[in-house]
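Student: Here you go, this is target.cif (mmCIF, C-alpha atoms).
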```cif
data_protein
loop_
_atom_site.label_atom_id
_atom_site.label_comp_id
_atom_site.auth_asym_id
_atom_site.auth_seq_id
_atom_site.Cartn_x
_atom_site.Cartn_y
_atom_site.Cartn_z
CA MET A 1 120.86 106.00 121.01
CA LYS A 2 117.11 105.69 120.58
CA ILE A 3 116.12 103.03 118.07
CA LYS A 4 113.87 104.31 115.29
CA LYS A 5 110.53 102.69 114.58
CA GLN A 6 110.14 101.35 111.09
CA ILE A 7 107.47 103.30 109.27
CA ALA A 8 105.04 106.17 109.67
CA ILE A 9 102.12 106.94 107.40
CA LEU A 10 101.52 110.63 106.76
CA ILE A 11 98.26 111.77 105.16
CA PRO A 12 97.90 115.43 104.18
CA ALA A 13 94.21 116.30 103.83
CA HIS A 14 92.00 119.17 102.83
CA ASN A 15 88.20 118.83 102.70
CA GLU A 16 88.21 115.05 102.47
CA GLU A 17 85.20 114.20 104.62
CA TYR A 18 83.81 111.72 102.09
CA VAL A 19 86.95 109.62 101.88
CA ILE A 20 89.06 110.13 104.99
CA GLU A 21 87.36 107.43 107.05
CA SER A 22 87.84 104.68 104.45
CA THR A 23 91.47 105.75 103.97
CA ILE A 24 92.11 105.53 107.72
CA LYS A 25 90.49 102.09 107.79
CA ALA A 26 92.72 100.94 104.93
CA VAL A 27 95.97 102.17 106.47
CA GLU A 28 95.09 100.79 109.89
CA LYS A 29 95.57 97.37 108.32
CA LEU A 30 99.18 98.28 107.51
CA VAL A 31 100.51 99.87 110.69
CA ASP A 32 99.57 100.58 114.28
CA LYS A 33 97.18 103.50 114.83
CA ARG A 34 99.92 105.36 116.70
CA ASP A 35 102.03 105.43 113.53
CA ILE A 36 99.40 107.15 111.39
CA TYR A 37 99.60 110.93 111.15
CA ILE A 38 97.16 113.31 109.52
CA VAL A 39 97.72 116.95 108.64
CA ASP A 40 94.45 118.75 108.15
CA ASP A 41 95.32 121.74 106.01
CA GLY A 42 92.55 124.14 106.93
CA SER A 43 89.56 122.00 105.97
CA THR A 44 86.21 123.71 106.10
CA ASP A 45 84.22 120.49 106.27
CA ASN A 46 84.18 117.61 108.80
CA THR A 47 87.56 116.13 107.84
CA CYS A 48 89.22 117.14 111.09
CA LYS A 49 86.30 115.94 113.23
CA ILE A 50 86.23 112.53 111.54
CA ALA A 51 90.02 112.16 111.74
CA LYS A 52 90.07 113.10 115.44
CA SER A 53 87.40 110.53 116.20
CA LYS A 54 89.63 107.81 114.73
CA LEU A 55 93.20 108.88 115.49
CA LYS A 56 95.28 110.86 117.95
CA ASN A 57 98.04 112.22 115.73
CA ILE A 58 96.25 115.09 114.03
CA LEU A 59 97.84 118.41 113.15
CA VAL A 60 95.66 121.30 112.01
CA THR A 61 97.35 123.94 109.87
CA GLU A 62 96.25 127.01 107.95
CA ASN A 63 95.32 126.31 104.36
CA ARG A 64 98.69 126.81 102.67
CA GLY A 65 98.83 123.87 100.24
CA LYS A 66 99.91 120.25 100.23
CA ALA A 67 103.68 120.81 100.22
CA ASN A 68 103.40 122.97 103.29
CA ALA A 69 101.12 120.42 104.99
CA ILE A 70 103.65 117.61 104.42
CA ASN A 71 106.60 119.67 105.68
CA ALA A 72 104.60 120.84 108.71
CA GLY A 73 103.54 117.27 109.54
CA ILE A 74 107.08 115.90 109.32
CA ASN A 75 108.46 118.72 111.50
CA HIS A 76 105.67 118.80 114.05
CA PHE A 77 105.63 115.07 114.70
CA ASN A 78 109.42 114.83 114.42
CA LEU A 79 109.02 111.91 112.00
CA THR A 80 112.57 111.86 110.67
CA LYS A 81 113.92 111.24 114.18
CA LYS A 82 111.33 108.63 115.12
CA TYR A 83 111.06 106.55 111.93
CA GLU A 84 113.28 104.94 109.29
CA PHE A 85 110.69 105.40 106.54
CA ILE A 86 107.76 107.68 105.80
CA PHE A 87 104.88 106.57 103.60
CA LEU A 88 103.07 109.55 102.09
CA ILE A 89 99.60 108.92 100.77
CA ASP A 90 96.68 111.02 99.60
CA ALA A 91 93.49 111.05 101.59
CA ASP A 92 91.60 109.34 98.76
CA THR A 93 94.06 106.48 98.44
CA ARG A 94 93.76 102.91 99.67
CA PRO A 95 96.95 100.84 99.67
CA LYS A 96 96.70 97.08 99.30
CA ALA A 97 97.32 95.08 102.46
CA ASP A 98 100.71 93.84 101.19
CA PHE A 99 101.95 97.27 100.06
CA LEU A 100 104.53 97.64 102.82
CA GLU A 101 105.80 94.08 102.50
CA LYS A 102 106.36 94.52 98.74
CA SER A 103 108.01 97.92 99.08
CA LEU A 104 110.12 97.65 102.20
CA ARG A 105 112.07 94.62 100.96
CA HIS A 106 113.93 96.95 98.56
CA PHE A 107 115.13 99.07 101.45
CA LYS A 108 116.10 95.97 103.41
CA ASN A 109 118.21 94.67 100.52
CA ASP A 110 119.86 98.05 100.05
CA LYS A 111 122.96 97.66 102.23
CA LYS A 112 124.56 100.88 100.95
CA GLN A 113 121.40 102.84 101.77
CA ASN A 114 121.37 104.74 98.50
CA ILE A 115 117.74 104.04 97.65
CA TYR A 116 115.78 107.06 98.82
CA CYS A 117 112.31 106.08 97.75
CA VAL A 118 110.24 103.12 96.59
CA ILE A 119 107.30 103.89 94.33
CA GLY A 120 104.20 101.74 94.14
CA ARG A 121 101.76 101.30 91.27
CA VAL A 122 98.49 103.19 91.06
CA LYS A 123 95.25 101.54 89.98
CA VAL A 124 91.77 102.98 89.67
CA SER A 125 89.24 101.88 92.24
CA ARG A 126 86.00 102.48 90.34
CA ARG A 127 85.22 101.73 86.74
CA ASN A 128 83.46 103.73 84.06
CA TRP A 129 84.82 104.57 80.60
CA ILE A 130 86.86 107.51 81.84
CA SER A 131 88.47 105.54 84.64
CA LEU A 132 89.06 102.65 82.24
CA TYR A 133 90.96 105.08 80.03
CA ARG A 134 92.92 106.17 83.07
CA GLN A 135 93.58 102.51 83.91
CA TRP A 136 95.04 101.99 80.43
CA GLU A 137 97.21 105.09 80.95
CA TYR A 138 98.37 103.80 84.33
CA GLN A 139 99.24 100.37 82.92
CA VAL A 140 101.37 101.79 80.14
CA SER A 141 102.84 104.66 82.08
CA TYR A 142 103.83 102.60 85.12
CA LYS A 143 104.78 99.24 83.71
CA ILE A 144 106.64 100.57 80.68
CA HIS A 145 107.53 104.24 81.09
CA LYS A 146 108.29 104.22 84.81
CA LYS A 147 110.09 100.88 84.65
CA ALA A 148 112.38 102.21 81.91
CA GLN A 149 112.85 105.44 83.86
CA GLU A 150 113.90 103.39 86.88
CA TYR A 151 116.60 101.67 84.81
CA THR A 152 117.92 104.97 83.48
CA LYS A 153 117.59 106.73 86.86
CA SER A 154 115.22 109.30 85.44
CA ILE A 155 111.89 108.70 87.17
CA LEU A 156 109.87 111.85 86.56
CA VAL A 157 107.53 111.61 89.49
CA SER A 158 107.32 109.69 92.72
CA PRO A 159 103.55 109.99 93.13
CA GLY A 160 102.32 111.63 96.29
CA CYS A 161 99.84 108.82 96.72
CA ALA A 162 102.13 105.80 96.47
CA THR A 163 105.68 106.48 97.64
CA ILE A 164 107.69 105.40 100.65
CA TYR A 165 110.67 107.62 101.41
CA ARG A 166 113.73 106.96 103.52
CA SER A 167 113.01 109.48 106.26
CA LYS A 168 116.48 111.06 106.28
CA ILE A 169 115.76 112.58 102.85
CA PHE A 170 113.51 115.04 104.68
CA ASP A 171 116.41 116.16 106.85
CA LEU A 172 118.13 117.17 103.63
CA LEU A 173 115.24 118.37 101.45
CA LYS A 174 111.81 119.88 102.00
CA PHE A 175 108.79 119.58 99.77
CA PRO A 176 109.10 122.65 97.52
CA ARG A 177 106.31 125.18 97.07
CA GLY A 178 105.45 127.24 94.04
CA THR A 179 104.18 124.66 91.56
CA MET A 180 100.91 122.80 91.06
CA THR A 181 102.52 119.34 91.23
CA GLU A 182 104.52 119.25 94.43
CA ASP A 183 105.37 115.54 94.12
CA MET A 184 106.95 115.99 90.69
CA ASP A 185 108.73 119.10 91.91
CA PHE A 186 110.17 117.12 94.84
CA THR A 187 111.24 114.26 92.54
CA PHE A 188 113.08 116.68 90.25
CA LEU A 189 114.71 118.24 93.30
CA MET A 190 115.90 114.80 94.44
CA HIS A 191 117.50 114.23 91.02
CA ARG A 192 119.15 117.63 91.09
CA LYS A 193 120.62 116.94 94.53
CA GLY A 194 121.96 113.57 93.41
CA PHE A 195 119.37 111.24 94.97
CA SER A 196 118.42 109.63 91.68
CA LYS A 197 118.23 106.03 92.85
CA MET A 198 114.49 105.38 93.03
CA ILE A 199 112.80 102.02 92.77
CA PHE A 200 109.50 101.25 91.11
CA GLU A 201 107.73 98.18 92.53
CA LYS A 202 104.90 97.01 90.29
CA ASP A 203 103.42 94.66 92.88
CA ALA A 204 102.98 97.37 95.51
CA ILE A 205 99.56 98.67 94.61
CA VAL A 206 97.40 101.55 95.74
CA TYR A 207 93.87 102.32 94.59
CA THR A 208 92.86 105.91 93.96
CA LEU A 209 89.68 107.70 93.05
CA ASP A 210 89.95 108.95 89.51
CA PRO A 211 87.70 111.31 87.57
CA HIS A 212 84.33 109.97 86.56
CA THR A 213 83.24 112.89 84.41
CA VAL A 214 84.91 114.64 81.48
CA LYS A 215 84.85 117.90 83.44
CA ASP A 216 86.76 116.39 86.39
CA PHE A 217 89.14 114.69 83.97
CA VAL A 218 89.92 118.01 82.29
CA ILE A 219 90.43 119.76 85.64
CA GLN A 220 92.82 117.04 86.78
CA ILE A 221 94.99 116.80 83.69
CA ASN A 222 95.05 120.57 83.33
CA ARG A 223 96.58 120.72 86.83
CA TRP A 224 99.02 117.87 86.10
CA TYR A 225 100.18 119.28 82.77
CA THR A 226 100.46 122.87 83.99
CA GLY A 227 102.44 121.54 86.97
CA PHE A 228 104.67 119.58 84.62
CA TRP A 229 105.56 122.71 82.64
CA GLN A 230 106.11 124.72 85.82
CA VAL A 231 108.52 122.06 87.08
CA VAL A 232 110.29 121.85 83.70
CA LYS A 233 110.81 125.60 83.80
CA LYS A 234 111.81 125.71 87.48
CA HIS A 235 114.42 122.96 87.15
CA GLU A 236 115.79 124.31 83.86
CA ILE A 237 115.13 121.26 81.73
CA PRO A 238 117.12 120.31 79.61
CA TRP A 239 120.25 122.23 80.62
CA HIS A 240 121.75 120.16 83.46
CA GLY A 241 123.02 117.12 81.57
CA GLN A 242 121.22 114.52 83.71
CA MET A 243 119.15 111.63 82.34
CA LEU A 244 116.20 113.44 83.88
CA ASP A 245 116.75 116.29 81.43
CA PHE A 246 116.66 113.93 78.47
CA GLU A 247 113.59 112.09 79.74
CA ALA A 248 111.57 115.20 80.56
CA ALA A 249 112.58 116.87 77.30
CA LEU A 250 111.58 113.78 75.30
CA LEU A 251 108.11 113.67 76.84
CA ALA A 252 107.67 117.44 76.61
CA ILE A 253 108.65 117.64 72.95
CA GLU A 254 106.56 114.61 72.03
CA GLY A 255 103.56 116.06 73.86
CA LEU A 256 103.96 119.44 72.18
CA TYR A 257 104.32 117.81 68.79
CA ASN A 258 101.14 115.82 69.38
CA GLY A 259 99.26 118.88 70.57
CA ILE A 260 100.24 120.86 67.48
CA LEU A 261 99.46 117.90 65.22
CA VAL A 262 96.02 117.41 66.74
CA ALA A 263 95.22 121.11 66.47
CA PHE A 264 96.39 121.06 62.84
CA LEU A 265 94.35 117.94 62.05
CA MET A 266 91.26 119.50 63.58
CA ILE A 267 91.63 122.53 61.33
CA CYS A 268 92.28 120.24 58.34
CA CYS A 269 89.27 118.16 59.26
CA ILE A 270 86.94 121.16 59.09
CA THR A 271 88.47 122.30 55.81
CA LEU A 272 88.30 118.83 54.28
CA LEU A 273 84.74 118.32 55.46
CA VAL A 274 83.84 121.41 53.49
CA TYR A 275 85.98 120.68 50.43
CA GLY A 276 85.79 116.91 50.13
CA ASN A 277 88.65 114.40 50.43
CA MET A 278 89.02 113.02 53.99
CA SER A 279 91.39 110.21 53.02
CA ILE A 280 94.48 112.29 53.86
CA LEU A 281 93.51 112.09 57.54
CA ILE A 282 92.99 108.34 57.50
CA TYR A 283 96.67 107.39 57.14
CA PRO A 284 98.03 109.08 60.30
CA LEU A 285 95.06 107.69 62.21
CA LEU A 286 95.63 104.13 60.98
CA PHE A 287 99.35 104.44 61.72
CA ASP A 288 98.65 105.44 65.30
CA LEU A 289 95.82 102.95 65.71
CA PHE A 290 97.68 99.83 64.59
CA LEU A 291 101.24 100.67 65.62
CA PHE A 292 100.62 102.13 69.08
CA PHE A 293 97.11 102.27 70.34
CA ILE A 294 95.64 98.81 69.64
CA PRO A 295 98.77 96.87 70.72
CA SER A 296 99.07 98.84 73.97
CA LEU A 297 95.35 98.42 74.61
CA ILE A 298 95.46 94.66 74.05
CA TRP A 299 98.47 94.37 76.33
CA SER A 300 96.75 96.48 78.96
CA MET A 301 93.58 94.38 78.79
CA LEU A 302 95.55 91.17 79.20
CA GLU A 303 97.48 92.60 82.14
CA ASP A 304 94.40 93.98 83.81
CA LYS A 305 92.16 91.07 82.80
CA ASN A 306 89.48 93.60 81.89
CA PHE A 307 88.28 93.32 78.31
CA LYS A 308 85.68 96.08 78.51
CA MET A 309 88.28 98.57 77.29
CA ILE A 310 87.86 97.41 73.69
CA LEU A 311 84.30 98.78 73.69
CA TYR A 312 85.51 102.30 74.30
CA ILE A 313 88.11 102.85 71.58
CA PRO A 314 86.30 105.89 70.10
CA ASN A 315 85.85 107.38 73.59
CA PHE A 316 89.53 106.79 74.33
CA TYR A 317 90.48 108.61 71.13
CA PHE A 318 88.37 111.54 72.25
CA LEU A 319 90.21 111.67 75.61
CA ARG A 320 93.59 111.35 73.91
CA LEU A 321 92.84 114.25 71.59
CA LEU A 322 91.53 116.27 74.50
CA SER A 323 94.71 115.53 76.48
CA SER A 324 96.93 116.65 73.61
CA VAL A 325 95.14 119.97 73.25
CA ILE A 326 95.18 120.58 77.02
CA PHE A 327 98.91 119.81 77.07
CA LEU A 328 99.42 122.51 74.45
CA LYS A 329 97.29 124.95 76.41
CA SER A 330 99.08 124.15 79.66
CA PHE A 331 102.42 124.87 77.97
CA ILE A 332 101.24 128.45 77.62
CA ASN A 333 99.86 128.62 81.17
CA GLY A 334 102.65 126.74 82.92
CA TYR A 335 105.77 127.54 80.94
CA LEU A 336 105.20 130.85 79.23
CA SER A 337 103.26 132.66 81.96
CA VAL A 338 103.87 133.54 85.62
CA GLN A 339 104.15 130.60 88.05
CA LYS A 340 101.08 129.64 90.05
CA GLU A 341 101.17 128.23 93.55
CA HIS A 342 99.54 124.88 94.13
CA VAL A 343 96.20 125.18 95.84
CA TRP A 344 94.06 122.27 96.94
CA ASN A 345 91.53 121.59 94.24
CA SER A 346 88.17 122.23 95.84
CA THR A 347 86.33 120.32 93.11
CA ARG A 348 88.23 117.12 93.85
CA TYR A 349 86.00 115.61 96.44
CA GLN A 350 82.43 116.40 95.81
CA GLN A 351 79.71 114.02 96.87
CA GLY A 352 80.82 110.50 96.10
CA GLY A 353 84.49 111.30 96.29
CA ASN A 354 85.29 112.20 92.72
CA LYS A 355 88.87 113.27 92.32
CA MET B 1 99.62 112.25 90.86
CA ALA B 2 100.44 109.57 88.35
CA PHE B 3 101.84 111.52 85.45
CA ALA B 4 104.00 109.72 82.91
CA GLY B 5 103.74 112.06 79.97
CA PRO B 6 101.11 113.81 77.97
CA GLN B 7 100.97 111.32 75.14
CA ILE B 8 101.84 107.88 76.40
CA THR B 9 101.95 106.19 73.03
CA GLY B 10 104.55 107.36 70.56
CA ILE B 11 108.30 107.56 70.19
CA SER B 12 108.80 107.65 73.96
CA LEU B 13 106.91 104.35 74.28
CA LEU B 14 109.14 102.67 71.72
CA PHE B 15 112.21 104.16 73.37
CA HIS B 16 111.16 102.88 76.79
CA ILE B 17 110.37 99.40 75.49
CA LEU B 18 113.85 99.37 73.97
CA VAL B 19 115.41 100.45 77.29
CA ILE B 20 113.57 97.69 79.17
CA CYS B 21 114.69 95.09 76.59
CA ILE B 22 118.33 96.22 76.83
CA PHE B 23 118.34 96.05 80.63
CA LYS B 24 116.57 92.67 80.67
CA ILE B 25 119.13 91.25 78.22
CA LYS B 26 121.91 92.77 80.31
CA SER B 27 120.60 91.12 83.47
CA ILE B 28 120.20 87.73 81.71
CA TRP B 29 123.74 88.06 80.36
CA LYS B 30 125.05 88.84 83.86
CA LYS B 31 123.32 85.75 85.26
CA PHE B 32 124.71 83.65 82.40
CA ILE B 33 128.25 84.87 83.13
CA GLU B 34 127.75 84.27 86.84
CA ILE B 35 126.57 80.69 86.31
CA PHE B 36 129.17 79.58 83.78
CA PHE B 37 132.21 81.77 84.39
CA HIS B 38 132.03 82.65 88.03
CA PRO B 39 135.42 82.08 89.74
CA THR B 40 133.91 80.00 92.54
CA HIS B 41 132.19 77.85 89.97
CA GLN B 42 135.48 77.28 88.14
CA ASP B 43 137.24 76.51 91.44
CA ALA B 44 134.59 73.94 92.18
CA LYS B 45 135.23 72.36 88.77
CA LYS B 46 138.96 72.06 89.48
#
```
In structure tokens, write the structure found in this file.
Tutor:
Amino acid sequence: MKIKKQIAILIPAHNEEYVIESTIKAVEKLVDKRDIYIVDDGSTDNTCKIAKSKLKNILVTENRGKANAINAGINHFNLTKKYEFIFLIDADTRPKADFLEKSLRHFKNDKKQNIYCVIGRVKVSRRNWISLYRQWEYQVSYKIHKKAQEYTKSILVSPGCATIYRSKIFDLLKFPRGTMTEDMDFTFLMHRKGFSKMIFEKDAIVYTLDPHTVKDFVIQINRWYTGFWQVVKKHEIPWHGQMLDFEAALLAIEGLYNGILVAFLMICCITLLVYGNMSILIYPLLFDLFLFFIPSLIWSMLEDKNFKMILYIPNFYFLRLLSSVIFLKSFINGYLSVQKEHVWNSTRYQQGGNK
Amino acid sequence: MAFAGPQITGISLLFHILVICIFKIKSIWKKFIEIFFHPTHQDAKK
């Protein structure tokens, strides 16, 4: 029997000419060049040319979306037969040099082989007020939400930019098409098929490019939230009695409640501005500020050792309100209307590599 | 994608902090039992 190599890195890419070279450089520090595979999903820029100048394992496919690119790459290169593990990353992602060491130890300690993926932690690589907000979100969402979800076997998403899979999972399941968030869709599918044992490793870190403008931020979260609702609908949350159903329903209901509340407060705000007394709005704001927002921000600053965040509290409130309204809007687009297929977001990588 | 929920501060945050606390206490308790009441430890005492 042929012995499998340990790990392959698979990078699906579409129009990534500004970032692909630095990503290749970063992953070359983790594995041998021969174990890096790129699927160029119909790029119209120089992505393919740059990738071919650096690596040999390049597959060019028609532009049919990320899920298709991942499945095609795994099949074409026969990765499940050659490797024990497959590390999927985005083309704008740079893993830290010790990412594999931190992640693979969980697989090594797993004698029963029932861990099917290890998820790393995402950090932002550049800093302005929008990416600082995102950094705060990442801190809270990974170190608290995802950690708790790991304990209760209800991790909602194994991010496409920071997850190592046991390769045999791809003999059993394929990345599903038909939603805008293929990684979340795949995670839900894993739960539904009984592969709920996923590990979150906080010390395995990848750096990603996050939005630097409000417009890019809106585009990104609109895609995430619409994808979330599509996946919720597709996997019939909350009717299957798994912890996943409870977890997804909790976040969905809380998000909807917040969206409705924000919309209501905005209407109230206009009315009260016209008719006088604003004090009625102060109490919910103070409640949120002192019970949730400030404590989580202080904790995040201490964890990240970046105290600039405190300067941007009003800006962060603006982004939070924006997020709540977009979540409400995406409920209509993603849950109540016809499903949309994921397409690569052509605005993701403009000059400078904004995601 | 790094989605954890639309509104990351709220009831879900409190719930998740509670879950982490429960599991941490559980793991400390397990270690405590292992150290003081583990059969091999008791054998060694005898």
Student: With all atoms listed in the file as the atoms that count, which of A:Asn306, A:Ser300, A:Thr152, A:Ser167 lies nearest to B:Ile22?
Tutor: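 That would be A:Thr152, the residue with the smallest distance to B:Ile22.
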Student: Exactly which residues make up the result of the PyMOL selection byres ((chain A) within 8 of (chain B)) on this file, given as a PyMOL selection string?
Tutor: chain A and resi 122+137-138+140-142+144-149+151+156-157+159-161+181+183+224-225+250-252+254-255+258+292-293+296+320+323-324+327
Student: Would you put the residues from that selection into a file with C-alpha atoms, as a short mmCIF file (atom, residue, chain, number, x, y, z; two decimals), in the frame of the given file?
Tutor:
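Resulting contents of selection22.cif:
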```cif
data_model
loop_
_atom_site.label_atom_id
_atom_site.label_comp_id
_atom_site.auth_asym_id
_atom_site.auth_seq_id
_atom_site.Cartn_x
_atom_site.Cartn_y
_atom_site.Cartn_z
CA VAL A 122 98.49 103.19 91.06
CA GLU A 137 97.21 105.09 80.95
CA TYR A 138 98.37 103.80 84.33
CA VAL A 140 101.37 101.79 80.14
CA SER A 141 102.84 104.66 82.08
CA TYR A 142 103.83 102.60 85.12
CA ILE A 144 106.64 100.57 80.68
CA HIS A 145 107.53 104.24 81.09
CA LYS A 146 108.29 104.22 84.81
CA LYS A 147 110.09 100.88 84.65
CA ALA A 148 112.38 102.21 81.91
CA GLN A 149 112.85 105.44 83.86
CA TYR A 151 116.60 101.67 84.81
CA LEU A 156 109.87 111.85 86.56
CA VAL A 157 107.53 111.61 89.49
CA PRO A 159 103.55 109.99 93.13
CA GLY A 160 102.32 111.63 96.29
CA CYS A 161 99.84 108.82 96.72
CA THR A 181 102.52 119.34 91.23
CA ASP A 183 105.37 115.54 94.12
CA TRP A 224 99.02 117.87 86.10
CA TYR A 225 100.18 119.28 82.77
CA LEU A 250 111.58 113.78 75.30
CA LEU A 251 108.11 113.67 76.84
CA ALA A 252 107.67 117.44 76.61
CA GLU A 254 106.56 114.61 72.03
CA GLY A 255 103.56 116.06 73.86
CA ASN A 258 101.14 115.82 69.38
CA PHE A 292 100.62 102.13 69.08
CA PHE A 293 97.11 102.27 70.34
CA SER A 296 99.07 98.84 73.97
CA ARG A 320 93.59 111.35 73.91
CA SER A 323 94.71 115.53 76.48
CA SER A 324 96.93 116.65 73.61
CA PHE A 327 98.91 119.81 77.07
#
```
Student: Could you please determine the separation between atom CA of A:Lys123 and atom CA of A:Phe316 in Å, to one decimal place?
Tutor: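 Atom-to-atom, atom CA of A:Lys123 and atom CA of A:Phe316 are spaced 17.5 Å apart.
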Student: Residue by residue, what does the PyMOL selection byres ((chain A and resi 6-13) around 7) grab here? Present the result as a list in words.
Tutor: Lys4, Lys5, His14, Asn15, Glu16, Asp35, Ile36, Tyr37, Ile38, Val39, Asp40, Asp41, Lys66, Ala69, Ile70, Tyr83, Glu84, Phe85, Ile86, Phe87, Leu88, Ile89, Asp90 and Ala91 of chain A
Student: Name every residue that the PyMOL selection byres ((chain A and resi 213) around 10) selects in this structure, writing the answer as a list in words with chains first and numbers rising.
Tutor: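 Against this file, the PyMOL selection byres ((chain A and resi 213) around 10) returns the residues Asn128, Trp129, Ile130, Ser131, Asp210, Pro211, His212, Val214, Lys215, Asp216, Phe217, Val218, Asn354 and Lys355 of chain A.
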Student: Considering only C-alpha atoms, state which residue in the set A:Gly241, A:Pro284, A:Gly259, A:Gly194 is at the smallest distance from A:Ile115.
Tutor: A:Gly194
Student: Could you tell me how far atom CA of A:Phe99 lies from atom CA of A:Ala204, in Å and to one decimal?
Tutor: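 Between atom CA of A:Phe99 and atom CA of A:Ala204 the gap is 4.7 Å.
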Student: Taking all atoms of stretch 23-37 of chain B that appear in the file, build a box with edges along x, y and z, extend it by 5 Å on every side, and state its centre and edge lengths in Å to one decimal, as AutoDock Vina command-line options.
Tutor:
```
--center_x 124.4 --center_y 87.8 --center_z 82.5 --size_x 25.6 --size_y 26.5 --size_z 18.6
```
Student: So that I can check the surroundings of stretch 195-199 of chain A, please list as a PyMOL selection string every protein, DNA and RNA residue that reaches within 8 Å of it, counting all atoms listed in the file and ignoring chain neighbours fewer than 5 positions away.
Tutor: chain A and resi 106+114-119+150+153-155+190
Student: Any idea what the distance is between atom CA of A:Arg105 and atom CA of A:Ile24?
Tutor: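 Taking atom CA of A:Arg105 and atom CA of A:Ile24, their separation equals 23.7 Å.
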